[in-house]
$ cat run10.txt   # compact mmCIF, C-alpha atoms and all ligand atoms
# COMPACT_ATOMS: atom_id res chain seq x y z
CA MET A 1 112.96 127.68 56.65
CA PHE A 2 113.15 129.97 53.61
CA PHE A 3 111.77 132.86 55.56
CA ASN A 4 114.81 135.06 55.21
CA LEU A 5 115.65 134.29 51.62
CA GLN A 6 115.55 137.05 49.07
CA GLU A 7 113.21 136.60 46.11
CA GLU A 8 116.12 135.76 43.83
CA GLU A 9 117.48 133.05 46.11
CA LYS A 10 114.04 131.52 46.50
CA LYS A 11 113.77 131.27 42.76
CA MET A 12 117.15 129.54 42.51
CA TRP A 13 116.04 126.99 45.04
CA GLN A 14 112.85 126.35 43.10
CA ASP A 15 114.76 125.94 39.85
CA ASN A 16 116.75 123.16 41.43
CA ILE A 17 113.72 121.01 42.10
CA ARG A 18 113.84 118.00 39.79
CA LYS A 19 110.94 118.11 37.34
CA VAL A 20 109.83 114.67 36.25
CA THR A 21 106.98 113.27 34.24
CA PRO A 22 104.66 111.87 36.90
CA TYR A 23 103.68 108.25 36.48
CA THR A 24 99.93 107.71 36.68
CA PRO A 25 99.31 104.28 38.17
CA GLY A 26 96.06 102.40 37.58
CA GLU A 27 93.44 102.96 40.24
CA GLN A 28 93.41 100.71 43.30
CA PRO A 29 89.78 101.19 44.41
CA LYS A 30 88.93 100.61 48.07
CA ASP A 31 85.52 99.24 47.16
CA LYS A 32 85.77 95.42 47.36
CA ASP A 33 82.82 94.92 44.95
CA VAL A 34 84.76 96.28 42.00
CA ILE A 35 85.74 93.91 39.21
CA LYS A 36 89.31 94.97 38.81
CA LEU A 37 90.59 94.48 35.29
CA ASN A 38 92.80 97.58 35.19
CA THR A 39 96.30 96.77 36.46
CA ASN A 40 97.15 93.32 35.10
CA GLU A 41 97.31 91.51 38.41
CA SER A 42 96.52 87.80 38.56
CA PRO A 43 92.86 87.05 39.28
CA TYR A 44 93.99 84.06 41.34
CA PRO A 45 95.50 83.98 44.82
CA PRO A 46 99.20 83.27 45.34
CA SER A 47 100.33 79.66 45.81
CA PRO A 48 99.04 78.12 49.07
CA MET A 49 102.72 77.52 49.90
CA VAL A 50 103.17 81.30 50.10
CA GLN A 51 100.40 81.60 52.65
CA GLU A 52 101.94 78.79 54.67
CA VAL A 53 105.38 80.39 54.68
CA VAL A 54 104.04 83.85 55.52
CA ARG A 55 102.06 82.40 58.45
CA SER A 56 105.04 80.52 59.78
CA VAL A 57 107.46 83.47 59.76
CA GLU A 58 108.58 83.67 63.33
CA ASN A 59 107.58 87.12 64.59
CA ASN A 60 110.87 87.60 66.36
CA ARG A 61 112.70 87.15 63.03
CA ASN A 62 111.41 90.52 61.86
CA ARG A 63 113.36 92.17 64.66
CA LEU A 64 116.48 91.46 62.62
CA TYR A 65 117.52 92.98 59.31
CA PRO A 66 116.90 90.84 56.24
CA ASP A 67 119.79 89.36 54.26
CA PRO A 68 120.69 92.27 51.91
CA GLU A 69 121.53 89.77 49.15
CA ALA A 70 118.26 87.85 49.69
CA ALA A 71 120.23 84.65 49.08
CA VAL A 72 117.28 82.34 49.78
CA LEU A 73 115.32 83.95 46.97
CA THR A 74 118.25 84.52 44.62
CA ASP A 75 119.27 80.85 44.92
CA ALA A 76 115.70 79.61 44.38
CA ILE A 77 115.37 81.72 41.21
CA ALA A 78 118.80 80.60 39.95
CA LYS A 79 117.90 76.95 40.50
CA TYR A 80 114.55 77.34 38.75
CA TYR A 81 116.10 78.84 35.62
CA ASN A 82 119.26 76.74 35.79
CA VAL A 83 121.68 79.67 35.99
CA ASP A 84 124.38 80.56 38.49
CA SER A 85 123.30 82.44 41.63
CA ASN A 86 125.57 85.31 40.70
CA GLN A 87 123.58 85.75 37.50
CA VAL A 88 120.49 86.79 39.50
CA PHE A 89 119.65 90.14 41.08
CA VAL A 90 116.46 90.64 43.09
CA GLY A 91 114.64 93.83 44.00
CA VAL A 92 111.47 95.39 45.37
CA GLY A 93 109.32 94.77 42.29
CA SER A 94 110.65 94.94 38.75
CA ASP A 95 110.11 98.71 38.69
CA ASP A 96 112.90 98.90 41.25
CA VAL A 97 115.10 96.45 39.33
CA ILE A 98 114.55 98.51 36.16
CA GLY A 99 115.35 101.75 38.01
CA MET A 100 118.55 100.24 39.40
CA SER A 101 119.47 99.05 35.89
CA PHE A 102 118.94 102.55 34.47
CA LEU A 103 121.29 103.94 37.15
CA THR A 104 123.86 101.24 36.53
CA PHE A 105 123.92 100.94 32.76
CA PHE A 106 122.28 103.98 31.16
CA ASN A 107 124.44 106.95 31.95
CA SER A 108 126.28 107.76 28.74
CA GLU A 109 126.03 110.88 26.63
CA LYS A 110 124.13 108.90 24.01
CA PRO A 111 120.35 108.53 24.26
CA ILE A 112 118.82 105.25 25.28
CA LEU A 113 116.17 103.80 22.98
CA PHE A 114 112.69 102.42 23.65
CA PRO A 115 109.41 102.26 21.71
CA ASP A 116 107.09 105.27 21.68
CA ILE A 117 104.22 103.10 22.86
CA THR A 118 105.48 101.05 25.76
CA TYR A 119 105.52 100.72 29.53
CA SER A 120 105.16 104.29 30.73
CA PHE A 121 107.66 103.97 33.57
CA TYR A 122 110.72 104.03 31.30
CA ASP A 123 110.52 107.73 30.50
CA VAL A 124 109.76 108.42 34.17
CA TRP A 125 112.98 106.73 35.30
CA ALA A 126 114.95 108.34 32.47
CA ASP A 127 113.69 111.82 33.40
CA LEU A 128 114.31 111.21 37.09
CA PHE A 129 117.88 110.09 36.50
CA LYS A 130 118.47 112.70 33.76
CA ILE A 131 119.12 110.07 31.11
CA LYS A 132 118.59 111.10 27.49
CA TYR A 133 116.19 108.98 25.47
CA GLU A 134 114.74 108.57 22.02
CA MET A 135 111.46 106.81 21.39
CA LYS A 136 111.14 104.68 18.27
CA PRO A 137 107.64 104.51 16.75
CA LEU A 138 105.93 101.15 16.43
CA ASN A 139 104.73 100.19 12.93
CA GLU A 140 101.06 100.21 11.90
CA LYS A 141 100.57 96.75 13.44
CA PHE A 142 101.94 98.02 16.77
CA GLU A 143 105.13 96.02 16.25
CA ILE A 144 108.66 97.03 17.26
CA VAL A 145 110.78 97.71 14.16
CA LYS A 146 114.12 96.01 14.81
CA GLU A 147 116.07 98.11 12.27
CA ASP A 148 115.26 101.26 14.27
CA TYR A 149 117.50 99.92 17.05
CA LEU A 150 120.69 99.83 14.98
CA VAL A 151 121.55 103.49 15.54
CA GLU A 152 124.18 104.57 18.08
CA ASN A 153 122.69 104.49 21.56
CA GLY A 154 123.42 104.45 25.27
CA GLY A 155 121.26 101.37 25.89
CA ILE A 156 117.99 99.76 24.86
CA ILE A 157 114.93 98.64 26.82
CA PHE A 158 111.56 97.24 25.80
CA PRO A 159 109.10 94.73 27.17
CA ASN A 160 108.43 91.49 25.36
CA PRO A 161 105.50 91.09 24.94
CA ASN A 162 105.17 94.86 24.74
CA ALA A 163 102.73 96.74 26.97
CA PRO A 164 100.05 98.01 26.59
CA THR A 165 99.94 96.64 23.03
CA ALA A 166 100.27 92.94 24.12
CA VAL A 167 102.26 92.23 20.92
CA GLU A 168 105.08 89.70 21.14
CA MET A 169 108.32 90.00 19.17
CA GLN A 170 109.93 86.82 17.82
CA LEU A 171 113.13 85.48 19.36
CA ASP A 172 115.23 85.94 16.20
CA ASP A 173 114.22 89.58 15.94
CA ILE A 174 115.19 90.31 19.54
CA GLU A 175 118.47 88.46 19.10
CA TYR A 176 119.15 90.63 16.03
CA ILE A 177 118.89 93.73 18.25
CA ILE A 178 121.05 92.23 21.02
CA LYS A 179 123.84 91.04 18.75
CA ASN A 180 123.98 94.28 16.79
CA ASN A 181 124.32 96.34 19.96
CA ARG A 182 127.21 94.65 21.73
CA ASP A 183 128.47 97.98 23.07
CA SER A 184 125.17 98.70 24.84
CA VAL A 185 123.22 96.94 27.51
CA VAL A 186 119.94 95.62 26.11
CA ILE A 187 117.22 95.11 28.73
CA ILE A 188 114.29 92.91 27.83
CA ASP A 189 111.45 93.38 30.31
CA GLU A 190 109.65 90.03 30.42
CA ALA A 191 106.88 91.10 32.81
CA TYR A 192 104.30 89.22 30.70
CA ALA A 193 106.47 86.56 29.01
CA ASP A 194 104.97 83.68 31.03
CA PHE A 195 101.71 84.23 29.13
CA GLY A 196 103.44 84.16 25.74
CA ASP A 197 105.63 81.91 23.62
CA VAL A 198 108.98 83.72 23.65
CA SER A 199 111.67 84.32 26.26
CA VAL A 200 115.25 85.47 25.80
CA LEU A 201 116.36 83.82 29.05
CA GLY A 202 118.08 81.13 26.96
CA LEU A 203 120.38 83.80 25.51
CA VAL A 204 121.85 85.15 28.76
CA ASN A 205 124.94 82.95 28.53
CA LYS A 206 125.45 83.85 24.87
CA TYR A 207 125.33 87.65 25.13
CA GLU A 208 127.09 89.51 27.93
CA ASN A 209 125.11 92.68 27.15
CA LEU A 210 121.67 91.11 27.72
CA LEU A 211 119.70 91.69 30.92
CA VAL A 212 116.30 90.03 31.36
CA VAL A 213 113.96 91.60 33.92
CA ARG A 214 111.01 89.68 35.34
CA THR A 215 108.33 90.14 37.97
CA TYR A 216 106.23 88.16 40.45
CA SER A 217 103.39 90.66 40.05
CA LYS A 218 101.54 89.05 37.13
CA SER A 219 102.02 85.33 36.51
CA ARG A 220 103.01 84.53 40.10
CA ALA A 221 100.09 86.44 41.65
CA LEU A 222 102.23 88.39 44.14
CA ALA A 223 101.98 92.07 43.16
CA GLY A 224 101.43 93.02 46.81
CA MET A 225 104.75 91.50 47.90
CA ARG A 226 106.80 93.59 45.44
CA ILE A 227 109.24 91.05 44.02
CA GLY A 228 111.19 91.52 40.80
CA TYR A 229 114.46 90.16 39.47
CA ALA A 230 117.01 90.36 36.70
CA ILE A 231 118.97 87.56 35.09
CA GLY A 232 122.08 88.25 33.03
CA SER A 233 125.80 87.78 32.71
CA LYS A 234 127.90 87.83 35.87
CA THR A 235 129.40 91.12 34.71
CA LEU A 236 126.01 92.86 34.54
CA ILE A 237 124.71 91.35 37.78
CA SER A 238 127.81 92.27 39.79
CA ALA A 239 127.56 95.84 38.48
CA LEU A 240 123.92 96.01 39.61
CA LYS A 241 124.85 94.71 43.05
CA ALA A 242 127.63 97.27 43.39
CA VAL A 243 125.22 100.12 42.63
CA LYS A 244 122.59 98.70 44.94
CA PHE A 245 124.97 98.46 47.86
CA SER A 246 126.43 101.87 47.30
CA TYR A 247 122.91 103.28 47.42
CA ASN A 248 122.13 100.99 50.34
CA SER A 249 118.42 100.94 49.77
CA TYR A 250 115.78 98.90 47.96
CA THR A 251 116.53 95.89 50.12
CA MET A 252 113.79 93.29 50.07
CA ASN A 253 111.99 92.60 53.32
CA TYR A 254 112.27 89.23 55.03
CA VAL A 255 108.67 88.12 54.44
CA SER A 256 108.83 88.85 50.69
CA ILE A 257 112.11 86.95 50.39
CA CYS A 258 110.53 83.83 51.96
CA ALA A 259 107.30 84.22 49.99
CA GLY A 260 109.18 84.60 46.72
CA ALA A 261 111.20 81.43 47.30
CA ALA A 262 108.04 79.48 48.23
CA ALA A 263 106.19 80.68 45.11
CA ILE A 264 108.92 79.71 42.68
CA ASN A 265 109.22 76.28 44.27
CA ASP A 266 105.52 75.59 43.64
CA ASP A 267 105.77 75.18 39.88
CA LYS A 268 102.64 73.04 39.58
CA TYR A 269 100.43 75.80 40.97
CA PHE A 270 102.17 78.45 38.86
CA LYS A 271 101.58 76.48 35.64
CA GLU A 272 97.96 75.89 36.61
CA ILE A 273 97.08 79.56 37.13
CA VAL A 274 99.00 80.72 34.05
CA SER A 275 97.21 78.22 31.82
CA LYS A 276 93.83 79.23 33.28
CA VAL A 277 94.54 82.86 32.39
CA ILE A 278 95.60 81.89 28.86
CA ASN A 279 92.42 79.82 28.34
CA THR A 280 90.23 82.66 29.54
CA ARG A 281 92.14 85.08 27.29
CA GLU A 282 91.54 82.97 24.20
CA LYS A 283 87.82 82.68 25.01
CA ALA A 284 87.71 86.45 25.58
CA LYS A 285 89.11 87.02 22.09
CA ASP A 286 86.15 85.11 20.56
CA THR A 287 83.53 86.84 22.68
CA LEU A 288 84.86 90.36 22.22
CA LYS A 289 85.16 89.83 18.48
CA LYS A 290 81.46 88.99 18.34
CA LEU A 291 80.76 92.21 20.23
CA GLY A 292 82.52 94.27 17.55
CA PHE A 293 85.98 94.69 19.09
CA PHE A 294 89.31 94.54 17.28
CA PHE A 295 92.47 93.74 19.17
CA THR A 296 96.09 92.78 18.74
CA ASP A 297 97.03 89.11 19.10
CA SER A 298 97.64 89.25 22.84
CA LYS A 299 100.37 87.07 24.34
CA THR A 300 99.86 88.64 27.76
CA ASN A 301 97.28 88.58 30.57
CA PHE A 302 95.40 91.50 29.02
CA LEU A 303 93.75 92.51 25.76
CA PHE A 304 94.48 95.74 23.93
CA ALA A 305 91.17 96.41 22.26
CA THR A 306 89.25 99.00 20.28
CA HIS A 307 85.58 98.95 19.27
CA LYS A 308 84.35 99.42 15.71
CA SER A 309 81.89 102.18 16.66
CA VAL A 310 81.86 103.11 20.35
CA PRO A 311 84.78 105.28 21.58
CA ALA A 312 87.10 103.63 24.13
CA GLU A 313 86.69 106.46 26.63
CA GLU A 314 82.92 106.03 26.63
CA ILE A 315 83.19 102.27 27.18
CA PHE A 316 85.69 102.91 29.99
CA GLU A 317 83.31 105.36 31.73
CA GLU A 318 80.25 103.15 31.24
CA LEU A 319 82.06 100.11 32.63
CA LYS A 320 83.21 102.14 35.61
CA LYS A 321 79.61 103.11 36.39
CA ARG A 322 78.92 99.37 36.53
CA LYS A 323 81.91 98.87 38.86
CA ILE A 324 84.09 97.23 36.25
CA TYR A 325 87.50 98.90 36.02
CA VAL A 326 89.60 98.63 32.87
CA ARG A 327 92.48 100.87 31.75
CA TYR A 328 92.16 103.77 29.34
CA PHE A 329 95.23 105.76 28.20
CA ASN A 330 94.52 109.22 26.88
CA LYS A 331 97.62 109.26 24.70
CA PRO A 332 98.14 109.92 20.99
CA ARG A 333 97.52 106.94 18.73
CA ILE A 334 96.18 104.69 21.52
CA ASN A 335 93.42 106.95 22.82
CA ASN A 336 90.74 104.79 21.26
CA TYR A 337 92.01 101.61 22.91
CA LEU A 338 91.27 99.87 26.18
CA ARG A 339 93.58 97.59 28.10
CA ILE A 340 91.49 94.88 29.69
CA THR A 341 93.15 92.55 32.22
CA ILE A 342 92.04 88.93 31.98
CA GLY A 343 90.04 88.08 35.10
CA THR A 344 88.44 84.84 36.25
CA ASP A 345 85.83 83.29 33.92
CA GLU A 346 83.08 84.64 36.23
CA GLU A 347 84.49 88.16 36.15
CA MET A 348 84.78 88.02 32.36
CA GLU A 349 81.13 86.90 32.07
CA LYS A 350 80.13 90.01 34.02
CA LEU A 351 82.28 92.12 31.70
CA TYR A 352 80.56 90.65 28.61
CA GLU A 353 77.10 91.26 30.10
CA ALA A 354 78.00 94.89 30.77
CA LEU A 355 79.52 95.34 27.32
CA LYS A 356 76.35 93.99 25.69
CA GLU A 357 74.52 96.96 27.26
CA ILE A 358 77.16 99.48 26.18
CA VAL A 359 78.23 98.63 22.61
N1 LIG A 401 107.24 96.13 33.31
C1 LIG A 401 106.05 96.15 32.70
C2 LIG A 401 106.01 96.05 31.22
C3 LIG A 401 104.88 96.30 33.45
O1 LIG A 401 103.69 96.39 32.85
C4 LIG A 401 104.97 96.39 34.85
C5 LIG A 401 103.72 96.51 35.71
N2 LIG A 401 103.10 97.69 35.72
C6 LIG A 401 106.24 96.37 35.44
C7 LIG A 401 107.35 96.22 34.65
C8 LIG A 401 106.44 96.55 36.92
O2 LIG A 401 105.98 95.50 37.67
P1 LIG A 401 106.37 95.33 39.20
O3 LIG A 401 107.10 96.58 39.64
O4 LIG A 401 105.09 95.12 39.91
O5 LIG A 401 107.27 94.14 39.24

$ encode --input "run10.txt" --output "structure tokens"
Amino acid sequence: MFFNLQEEEKKMWQDNIRKVTPYTPGEQPKDKDVIKLNTNESPYPPSPMVQEVVRSVENNRNRLYPDPEAAVLTDAIAKYYNVDSNQVFVGVGSDDVIGMSFLTFFNSEKPILFPDITYSFYDVWADLFKIKYEMKPLNEKFEIVKEDYLVENGGIIFPNPNAPTAVEMQLDDIEYIIKNNRDSVVIIDEAYADFGDVSVLGLVNKYENLLVVRTYSKSRALAGMRIGYAIGSKTLISALKAVKFSYNSYTMNYVSICAGAAAINDDKYFKEIVSKVINTREKAKDTLKKLGFFFTDSKTNFLFATHKSVPAEEIFEELKKRKIYVRYFNKPRINNYLRITIGTDEEMEKLYEALKEIV
């Protein structure tokens, strides 16, 4: 295709290629024997109601396009959280909802703000969409410093609890950031909030500039279905919908829409699996402490841990040899930490046995 181009023209074409920071996802090993504690999925299966709905999807229904507004799912989510249906926006995983929010709200000349240690997709989206950003360092306890978010900005995003630090910010402190940034959209990514004590969902009718993003991938055990959503003021949600439809992509498939509605309607099962994960997490804190680990006070489904004497990278490699996968980030300041997803009690027992050999 570029056969006849002169050297100079070829170079121009190459210069136009968008250069982005690649996102490195956690490994998804094919080997079924692996104990997978590396990507914060639920160790439990989705609600049995999901299985039932997926099985009963009439094959011929998939011949037709899905409802682009995914009303069945949007309405179920709205009912669950007691908000209006036009305060809910759904998408193909929360990564997609976050990307759509970046496109919709973060396009000013001013940089957007997020912590320097946080979910590593934010800078990927910002680079991809050519959005300027400034990262605000966490304090020595890995906490977000609210005063850092009072400077002029083109928007703010952070997860609560934060990832991979697992540290939760208190409601008053988040509200302080939201109310002092009324000219910006503030996105709180609550991917892990079901495992913690704080949610800003109760503030969506108080602050028009607040958007809460959530996912089915962790607490609702449906990472494979790719379901995410945002809840916010009608103004923010209608803006998101307008961008989505003008891009005409990222529409959820029919099976995921049905599965998502079934999962949110089975609250009993949801509460059961979330509380099992929390119990296992608290037991894990005791056991890992005895093995010489230090960690932040996790309010998530993972622990962010460092060992008093053995380097994190070595523990990561040794665990991998024993077919136990955890996450290691070779990044400044956190390169001696591991992120360990909470598994079932049986999986965690195997982790402790392996760690006893390593540390
Ligand atoms: N936000 C945070 C903080 C996450 O850790 C993740 C999962 N990697 C996501 C968003 C995206 O989740 P999903 O796209 O599966 O909904």

$ closest_atom_pairs --input "run10.txt" --of "chain A" --to "ligand LIG 401 (chain A)" --cutoff "9 Å" --atoms "all atoms listed in the file" --output "tab-separated table"
residue	atom	partner	partner_atom	distance
A:Pro25	CA	A:LIG401	N2	8.0
A:Gly26	CA	A:LIG401	N2	8.7
A:Thr39	CA	A:LIG401	N2	6.9
A:Asn40	CA	A:LIG401	C5	7.3
A:Glu41	CA	A:LIG401	C5	8.6
A:Gly91	CA	A:LIG401	O5	8.8
A:Val92	CA	A:LIG401	O3	7.3
A:Gly93	CA	A:LIG401	O5	3.7
A:Ser94	CA	A:LIG401	O5	3.5
A:Asp95	CA	A:LIG401	O3	3.8
A:Asp96	CA	A:LIG401	O3	6.5
A:Val97	CA	A:LIG401	O3	8.0
A:Ile98	CA	A:LIG401	C7	7.7
A:Thr118	CA	A:LIG401	C2	7.4
A:Tyr119	CA	A:LIG401	C2	5.0
A:Ser120	CA	A:LIG401	C2	8.3
A:Phe121	CA	A:LIG401	C7	7.8
A:Tyr122	CA	A:LIG401	N1	8.9
A:Phe158	CA	A:LIG401	C2	7.8
A:Pro159	CA	A:LIG401	C2	5.3
A:Asn160	CA	A:LIG401	C2	7.8
A:Pro161	CA	A:LIG401	C2	8.0
A:Asn162	CA	A:LIG401	C2	6.6
A:Ala163	CA	A:LIG401	C2	5.4
A:Pro164	CA	A:LIG401	O1	7.4
A:Asp189	CA	A:LIG401	N1	5.9
A:Glu190	CA	A:LIG401	C2	7.1
A:Ala191	CA	A:LIG401	N1	5.1
A:Tyr192	CA	A:LIG401	C2	7.1
A:Val213	CA	A:LIG401	C7	8.1
A:Arg214	CA	A:LIG401	O5	7.0
A:Thr215	CA	A:LIG401	O5	4.3
A:Tyr216	CA	A:LIG401	O5	6.2
A:Ser217	CA	A:LIG401	O4	4.8
A:Lys218	CA	A:LIG401	O4	7.6
A:Leu222	CA	A:LIG401	O4	8.4
A:Ala223	CA	A:LIG401	O4	5.4
A:Gly224	CA	A:LIG401	O4	8.1
A:Met225	CA	A:LIG401	O4	8.8
A:Arg226	CA	A:LIG401	O4	6.0
A:Ile227	CA	A:LIG401	O5	6.0
A:Gly228	CA	A:LIG401	O5	5.0
A:Tyr229	CA	A:LIG401	O5	8.2

$ residues_around --input "run10.txt" --residues "stretch 49-56 of chain A" --least-positions-apart "6" --cutoff "10 Å" --atoms "only C-alpha atoms" --output "mmCIF file with C-alpha atoms, in the coordinates of the input"
data_model
loop_
_atom_site.group_PDB
_atom_site.id
_atom_site.type_symbol
_atom_site.label_atom_id
_atom_site.label_comp_id
_atom_site.auth_asym_id
_atom_site.auth_seq_id
_atom_site.Cartn_x
_atom_site.Cartn_y
_atom_site.Cartn_z
ATOM 1 C CA LEU A 222 102.230 88.390 44.140
ATOM 2 C CA TYR A 254 112.270 89.230 55.030
ATOM 3 C CA VAL A 255 108.670 88.120 54.440
ATOM 4 C CA SER A 256 108.830 88.850 50.690
ATOM 5 C CA CYS A 258 110.530 83.830 51.960
ATOM 6 C CA ALA A 259 107.300 84.220 49.990
ATOM 7 C CA GLY A 260 109.180 84.600 46.720
ATOM 8 C CA ALA A 261 111.200 81.430 47.300
ATOM 9 C CA ALA A 262 108.040 79.480 48.230
ATOM 10 C CA ALA A 263 106.190 80.680 45.110
ATOM 11 C CA ILE A 264 108.920 79.710 42.680
ATOM 12 C CA ASN A 265 109.220 76.280 44.270
ATOM 13 C CA ASP A 266 105.520 75.590 43.640
ATOM 14 C CA TYR A 269 100.430 75.800 40.970
#

$ closest_residue --input "run10.txt" --among "A:Thr287, A:Val145, A:Val185, A:Glu7" --to "A:Ala239" --atoms "only C-alpha atoms"
A:Val185

$ closest_residue --input "run10.txt" --among "A:Ile340, A:Asp267, A:Lys234, A:Ala284" --to "A:Ser85" --atoms "all atoms listed in the file"
A:Lys234

$ atom_distance --input "run10.txt" --atom1 "atom CA of A:Asn180" --atom2 "atom CA of A:Leu150"
6.7 Å

$ closest_residue --input "run10.txt" --among "A:Ile77, A:Glu357, A:Ser199, A:His307" --to "A:Gly292" --atoms "only C-alpha atoms"
A:His307

$ residues_around --input "run10.txt" --residues "A:Glu147" --least-positions-apart "3" --cutoff "12 Å" --atoms "all atoms listed in the file" --output "list in words"
Lys136, Pro137, Leu138, Asn139, Glu143, Ile144, Leu150, Val151, Glu152, Asp173, Ile174, Tyr176, Ile177, Ile178, Asn180 and Asn181 of chain A

$ atom_distance --input "run10.txt" --atom1 "atom CA of A:Ala354" --atom2 "atom CA of A:Thr165"
23.3 Å

$ residues_around --input "run10.txt" --residues "A:Phe295" --least-positions-apart "5" --cutoff "9 Å" --atoms "all atoms listed in the file" --output "ChimeraX atom specification"
/A:165,285,288-289,303-307,337

$ write_last_selection --input "run10.txt" --atoms "C-alpha atoms" --output "PDB file, in the frame of the given file"
ATOM      1  CA  THR A 165      99.940  96.640  23.030  1.00  0.00           C
ATOM      2  CA  LYS A 285      89.110  87.020  22.090  1.00  0.00           C
ATOM      3  CA  LEU A 288      84.860  90.360  22.220  1.00  0.00           C
ATOM      4  CA  LYS A 289      85.160  89.830  18.480  1.00  0.00           C
ATOM      5  CA  LEU A 303      93.750  92.510  25.760  1.00  0.00           C
ATOM      6  CA  PHE A 304      94.480  95.740  23.930  1.00  0.00           C
ATOM      7  CA  ALA A 305      91.170  96.410  22.260  1.00  0.00           C
ATOM      8  CA  THR A 306      89.250  99.000  20.280  1.00  0.00           C
ATOM      9  CA  HIS A 307      85.580  98.950  19.270  1.00  0.00           C
ATOM     10  CA  TYR A 337      92.010 101.610  22.910  1.00  0.00           C
TER      11      TYR A 337
END

$ residues_around --input "run10.txt" --residues "stretch 104-106 of chain A" --least-positions-apart "6" --cutoff "7 Å" --atoms "all atoms listed in the file" --output "MDAnalysis selection string"
chainID A and resid 112 131 154:155 185 239:240 243

$ write_last_selection --input "run10.txt" --atoms "C-alpha atoms" --output "short mmCIF file (atom, residue, chain, number, x, y, z; two decimals), in the coordinates of the input"
data_model
loop_
_atom_site.label_atom_id
_atom_site.label_comp_id
_atom_site.auth_asym_id
_atom_site.auth_seq_id
_atom_site.Cartn_x
_atom_site.Cartn_y
_atom_site.Cartn_z
CA ILE A 112 118.82 105.25 25.28
CA ILE A 131 119.12 110.07 31.11
CA GLY A 154 123.42 104.45 25.27
CA GLY A 155 121.26 101.37 25.89
CA VAL A 185 123.22 96.94 27.51
CA ALA A 239 127.56 95.84 38.48
CA LEU A 240 123.92 96.01 39.61
CA VAL A 243 125.22 100.12 42.63
#

$ closest_residue --input "run10.txt" --among "A:Lys268, A:Ser238, A:Val83, A:Met348" --to "A:Leu203" --atoms "only C-alpha atoms"
A:Val83

$ closest_residue --input "run10.txt" --among "A:Val57, A:Val204, A:Ile342, A:Met135" --to "A:Ile237" --atoms "only C-alpha atoms"
A:Val204

$ atom_distance --input "run10.txt" --atom1 "atom CA of A:Lys321" --atom2 "atom CA of A:Asp345"
20.9 Å

$ decode --input "run10.txt" --residues "stretch 106-119 of chain A" --atoms "N, CA and C atoms" --output "PDB file, in the first residue's frame"
ATOM      1  N   PHE A 106     -13.851  15.009  29.846  1.00  0.00           N
ATOM      2  CA  PHE A 106     -12.473  15.462  30.064  1.00  0.00           C
ATOM      3  C   PHE A 106     -11.835  15.922  28.754  1.00  0.00           C
ATOM      4  N   ASN A 107     -12.220  17.079  28.282  1.00  0.00           N
ATOM      5  CA  ASN A 107     -11.640  17.501  27.010  1.00  0.00           C
ATOM      6  C   ASN A 107     -11.225  18.969  27.036  1.00  0.00           C
ATOM      7  N   SER A 108     -11.020  19.498  28.235  1.00  0.00           N
ATOM      8  CA  SER A 108     -10.675  20.919  28.310  1.00  0.00           C
ATOM      9  C   SER A 108      -9.163  21.091  28.150  1.00  0.00           C
ATOM     10  N   GLU A 109      -8.747  22.328  28.150  1.00  0.00           N
ATOM     11  CA  GLU A 109      -7.321  22.648  28.067  1.00  0.00           C
ATOM     12  C   GLU A 109      -6.615  22.341  29.390  1.00  0.00           C
ATOM     13  N   LYS A 110      -7.406  22.277  30.462  1.00  0.00           N
ATOM     14  CA  LYS A 110      -6.803  22.065  31.780  1.00  0.00           C
ATOM     15  C   LYS A 110      -6.565  20.577  32.029  1.00  0.00           C
ATOM     16  N   PRO A 111      -5.512  20.241  32.764  1.00  0.00           N
ATOM     17  CA  PRO A 111      -5.248  18.813  32.998  1.00  0.00           C
ATOM     18  C   PRO A 111      -6.263  18.194  33.949  1.00  0.00           C
ATOM     19  N   ILE A 112      -6.555  16.932  33.728  1.00  0.00           N
ATOM     20  CA  ILE A 112      -7.371  16.210  34.703  1.00  0.00           C
ATOM     21  C   ILE A 112      -6.425  15.715  35.804  1.00  0.00           C
ATOM     22  N   LEU A 113      -6.995  15.404  36.955  1.00  0.00           N
ATOM     23  CA  LEU A 113      -6.190  14.983  38.101  1.00  0.00           C
ATOM     24  C   LEU A 113      -6.552  13.565  38.531  1.00  0.00           C
ATOM     25  N   PHE A 114      -5.515  12.777  38.843  1.00  0.00           N
ATOM     26  CA  PHE A 114      -5.736  11.491  39.521  1.00  0.00           C
ATOM     27  C   PHE A 114      -4.473  11.135  40.296  1.00  0.00           C
ATOM     28  N   PRO A 115      -4.568  10.196  41.250  1.00  0.00           N
ATOM     29  CA  PRO A 115      -3.394   9.885  42.077  1.00  0.00           C
ATOM     30  C   PRO A 115      -2.263   9.265  41.259  1.00  0.00           C
ATOM     31  N   ASP A 116      -1.045   9.374  41.759  1.00  0.00           N
ATOM     32  CA  ASP A 116       0.089   8.792  41.015  1.00  0.00           C
ATOM     33  C   ASP A 116       0.104   7.268  41.141  1.00  0.00           C
ATOM     34  N   ILE A 117      -0.444   6.771  42.245  1.00  0.00           N
ATOM     35  CA  ILE A 117      -0.577   5.310  42.348  1.00  0.00           C
ATOM     36  C   ILE A 117      -2.067   5.029  42.323  1.00  0.00           C
ATOM     37  N   THR A 118      -2.519   4.461  41.216  1.00  0.00           N
ATOM     38  CA  THR A 118      -3.945   4.223  41.060  1.00  0.00           C
ATOM     39  C   THR A 118      -4.172   3.234  39.931  1.00  0.00           C
ATOM     40  N   TYR A 119      -5.405   3.048  39.540  1.00  0.00           N
ATOM     41  CA  TYR A 119      -5.732   2.119  38.469  1.00  0.00           C
ATOM     42  C   TYR A 119      -5.009   2.560  37.194  1.00  0.00           C
TER      43      TYR A 119
END
